[in-house]
Amino acid sequence: MEDTEWNDILREKGIIPQKQPEGISEDQIIEIVEKTIREKEFGKDIEDRTLDELDELEDLEDDRVLEQYRRMRMEEVKQQLSHEKYGQVLQISKPDYTIQVTEASKTHWVVVHLFQEKPECRLVNAIMDRLAVKYKATKFCKIIADMCIPNYPDKNVPTLLIYGEGDLKRQIIGMGLYGGMSATVESLEQVLRMSGALGDVAVGYKDEDSDEDAPRFRLNRVTKRQEDSDSD
């Protein structure tokens with residue numbers, strides 16, 4: 001079979017471009033071949049498409065964009081859910097303190113309420129229940145004060161301890177900063193937010209009403225050795 005007949009067969013099957021008029025330049029032949037290859041791989045060039053083909057291409061492009069956006073949103077939601085994993089106030093004991101508070105605060109903010117059975121503490125616990133549901137990325141805990149720190153004065157409760165980056169960042173003794181017995185979810189929320197515990201403000205914030213100068217009872221850190229000795 002002659003080469004010309006073979007080329008005619010290839011042209012009929014669309015494998016090579018149709019025979020061009022004589023006098024065509026070498027550059028034109030190369031361009032025709034490259035265009036044919038592109039069409040085989042990617043479809044027609046934009047300028048060669050009909051209006052219907054352009055509409056179809058636009059629909060396909062829209063689908064690709066929407067699929068890419070959907071995947072991005074799924075990844076964002078997945079990451080968000082990996083952080084928002086709490087949602088309730090956890091009552092802990094002293095042996096749990098290092099794992100539940102100090103270690104947990106290396107990846108999440110932790111708010112600990114030192115409480116006793118008194119009205120002020122019951123109010124703070126009720127407010128924390130609401131905040132825990134709203135801020136699931138922050139871990140809220142409570143522990144009976146003198147079970148955490150022996151002889152902790154009743155006058156100092158409620159006390160809130162705010163942990164971040166594996167360390168105690170702030171302690172709030174009493175309810176003065178958030179309204180006393182008139183405290184609300186919003187008033188405590190504001191104090192915790194300005195302290196950084198809700199993830200809105202960088203660690204280290206101090207407001208003008210900071211309780212840094214308030215009388216304090218020494219907070220002894222609960223160490224692993226202390227926990228082990230308490231459990232013996």
# chains A, B, ... in the order shown; residues from 1 in each chain; ligands from 1
>>> residues_around(residues="Val133 of chain A", least_positions_apart="5", cutoff="10 Å", atoms="only C-alpha atoms", output="PyMOL selection string")
chain A and resi 84+86-89+128+138+140
>>> select_by_dssp(residues="segment 84-116 of chain A", states="strand (DSSP E or B)", output="MDAnalysis selection string")
chainID A and resid 89:91 110:115
>>> select_by_dssp(residues="segment 124-215 of chain A", states="helix (DSSP H, G or I)", output="PyMOL selection string")
chain A and resi 124-134+145-148+154-156+176-178+180-182+185-195
>>> write_last_selection(atoms="N, CA, C and O atoms", output="short mmCIF file (atom, residue, chain, number, x, y, z; two decimals), in the first residue's frame")
data_model
loop_
_atom_site.label_atom_id
_atom_site.label_comp_id
_atom_site.auth_asym_id
_atom_site.auth_seq_id
_atom_site.Cartn_x
_atom_site.Cartn_y
_atom_site.Cartn_z
N VAL A 124 -21.79 31.06 88.65
CA VAL A 124 -20.69 30.94 87.69
C VAL A 124 -20.77 29.61 86.94
O VAL A 124 -20.56 29.56 85.72
N ASN A 125 -21.09 28.54 87.64
CA ASN A 125 -21.22 27.24 86.97
C ASN A 125 -22.32 27.27 85.91
O ASN A 125 -22.16 26.70 84.82
N ALA A 126 -23.43 27.93 86.24
CA ALA A 126 -24.54 28.02 85.28
C ALA A 126 -24.12 28.82 84.05
O ALA A 126 -24.46 28.45 82.91
N ILE A 127 -23.39 29.89 84.26
CA ILE A 127 -22.92 30.71 83.13
C ILE A 127 -21.92 29.92 82.29
O ILE A 127 -21.95 29.95 81.05
N MET A 128 -21.02 29.20 82.94
CA MET A 128 -20.04 28.41 82.22
C MET A 128 -20.69 27.32 81.39
O MET A 128 -20.22 26.99 80.29
N ASP A 129 -21.78 26.74 81.88
CA ASP A 129 -22.52 25.75 81.10
C ASP A 129 -22.96 26.33 79.76
O ASP A 129 -22.87 25.66 78.72
N ARG A 130 -23.41 27.58 79.78
CA ARG A 130 -23.86 28.24 78.55
C ARG A 130 -22.68 28.54 77.64
O ARG A 130 -22.74 28.34 76.42
N LEU A 131 -21.60 29.03 78.22
CA LEU A 131 -20.43 29.39 77.41
C LEU A 131 -19.77 28.16 76.79
O LEU A 131 -19.24 28.23 75.68
N ALA A 132 -19.78 27.05 77.52
CA ALA A 132 -19.16 25.83 77.00
C ALA A 132 -19.86 25.36 75.73
O ALA A 132 -19.21 24.87 74.80
N VAL A 133 -21.17 25.52 75.69
CA VAL A 133 -21.92 25.13 74.50
C VAL A 133 -21.60 26.06 73.34
O VAL A 133 -21.49 25.64 72.18
N LYS A 134 -21.40 27.33 73.64
CA LYS A 134 -21.16 28.34 72.60
C LYS A 134 -19.73 28.28 72.07
O LYS A 134 -19.50 28.47 70.87
N ALA A 145 -12.56 23.66 95.16
CA ALA A 145 -11.36 24.46 95.42
C ALA A 145 -10.37 23.78 96.36
O ALA A 145 -9.18 23.66 96.05
N ASP A 146 -10.84 23.34 97.55
CA ASP A 146 -9.89 22.80 98.51
C ASP A 146 -9.48 21.37 98.19
O ASP A 146 -8.58 20.82 98.82
N MET A 147 -10.11 20.75 97.19
CA MET A 147 -9.61 19.47 96.70
C MET A 147 -8.47 19.69 95.71
O MET A 147 -7.63 18.81 95.51
N CYS A 148 -8.47 20.86 95.10
CA CYS A 148 -7.40 21.20 94.17
C CYS A 148 -6.21 21.81 94.92
O CYS A 148 -5.06 21.42 94.71
N ASP A 154 -12.33 30.13 101.37
CA ASP A 154 -13.67 30.26 100.79
C ASP A 154 -13.91 31.66 100.24
O ASP A 154 -14.65 31.83 99.27
N LYS A 155 -13.27 32.68 100.85
CA LYS A 155 -13.51 34.06 100.41
C LYS A 155 -12.98 34.29 98.99
O LYS A 155 -13.37 35.27 98.34
N ASN A 156 -12.10 33.42 98.52
CA ASN A 156 -11.51 33.60 97.19
C ASN A 156 -12.31 32.92 96.07
O ASN A 156 -11.98 33.08 94.90
N GLY A 176 -15.91 40.33 90.88
CA GLY A 176 -15.95 41.77 90.68
C GLY A 176 -15.78 42.21 89.24
O GLY A 176 -16.42 43.17 88.79
N LEU A 177 -14.94 41.53 88.50
CA LEU A 177 -14.66 41.94 87.12
C LEU A 177 -15.84 41.71 86.19
O LEU A 177 -15.91 42.32 85.11
N TYR A 178 -16.77 40.83 86.57
CA TYR A 178 -17.87 40.55 85.65
C TYR A 178 -19.25 40.69 86.30
O TYR A 178 -20.21 40.04 85.91
N GLY A 180 -20.32 40.65 89.81
CA GLY A 180 -20.77 40.09 91.08
C GLY A 180 -21.97 39.18 90.88
O GLY A 180 -22.08 38.46 89.90
N MET A 181 -22.91 39.25 91.83
CA MET A 181 -24.10 38.42 91.74
C MET A 181 -25.05 38.88 90.64
O MET A 181 -26.06 38.22 90.38
N SER A 182 -24.72 39.99 89.98
CA SER A 182 -25.50 40.43 88.81
C SER A 182 -24.84 39.97 87.51
O SER A 182 -25.23 40.41 86.43
N VAL A 185 -24.17 35.89 81.32
CA VAL A 185 -23.37 35.17 80.33
C VAL A 185 -22.50 36.16 79.56
O VAL A 185 -21.30 35.95 79.33
N GLU A 186 -23.11 37.29 79.19
CA GLU A 186 -22.39 38.28 78.37
C GLU A 186 -21.25 38.92 79.14
O GLU A 186 -20.17 39.17 78.57
N SER A 187 -21.43 39.20 80.44
CA SER A 187 -20.38 39.88 81.19
C SER A 187 -19.17 38.98 81.41
O SER A 187 -18.02 39.41 81.27
N LEU A 188 -19.40 37.71 81.73
CA LEU A 188 -18.27 36.80 81.88
C LEU A 188 -17.64 36.48 80.52
O LEU A 188 -16.42 36.37 80.41
N GLU A 189 -18.48 36.37 79.52
CA GLU A 189 -17.98 36.14 78.16
C GLU A 189 -17.00 37.24 77.76
O GLU A 189 -15.95 36.97 77.17
N GLN A 190 -17.34 38.48 78.08
CA GLN A 190 -16.48 39.61 77.72
C GLN A 190 -15.13 39.53 78.42
O GLN A 190 -14.08 39.74 77.81
N VAL A 191 -15.14 39.19 79.71
CA VAL A 191 -13.87 39.08 80.46
C VAL A 191 -13.01 37.96 79.89
O VAL A 191 -11.80 38.12 79.70
N LEU A 192 -13.62 36.82 79.61
CA LEU A 192 -12.86 35.70 79.06
C LEU A 192 -12.33 36.01 77.67
O LEU A 192 -11.21 35.65 77.31
N ARG A 193 -13.14 36.71 76.89
CA ARG A 193 -12.69 37.06 75.53
C ARG A 193 -11.50 38.02 75.60
O ARG A 193 -10.51 37.84 74.89
N MET A 194 -11.58 39.02 76.46
CA MET A 194 -10.49 39.98 76.57
C MET A 194 -9.24 39.36 77.19
O MET A 194 -8.13 39.86 77.02
N SER A 195 -9.41 38.26 77.87
CA SER A 195 -8.26 37.52 78.42
C SER A 195 -7.65 36.59 77.37
O SER A 195 -6.58 36.03 77.60
#
>>> closest_residue(among="A:Leu168, A:Ala197, A:Ile149, A:Cys121", to="Lys136 of chain A", atoms="only C-alpha atoms")
A:Ala197
>>> closest_residue(among="A:Glu31, A:Glu56, A:Glu165, A:Asp96", to="Val110 of chain A", atoms="only C-alpha atoms")
A:Glu165
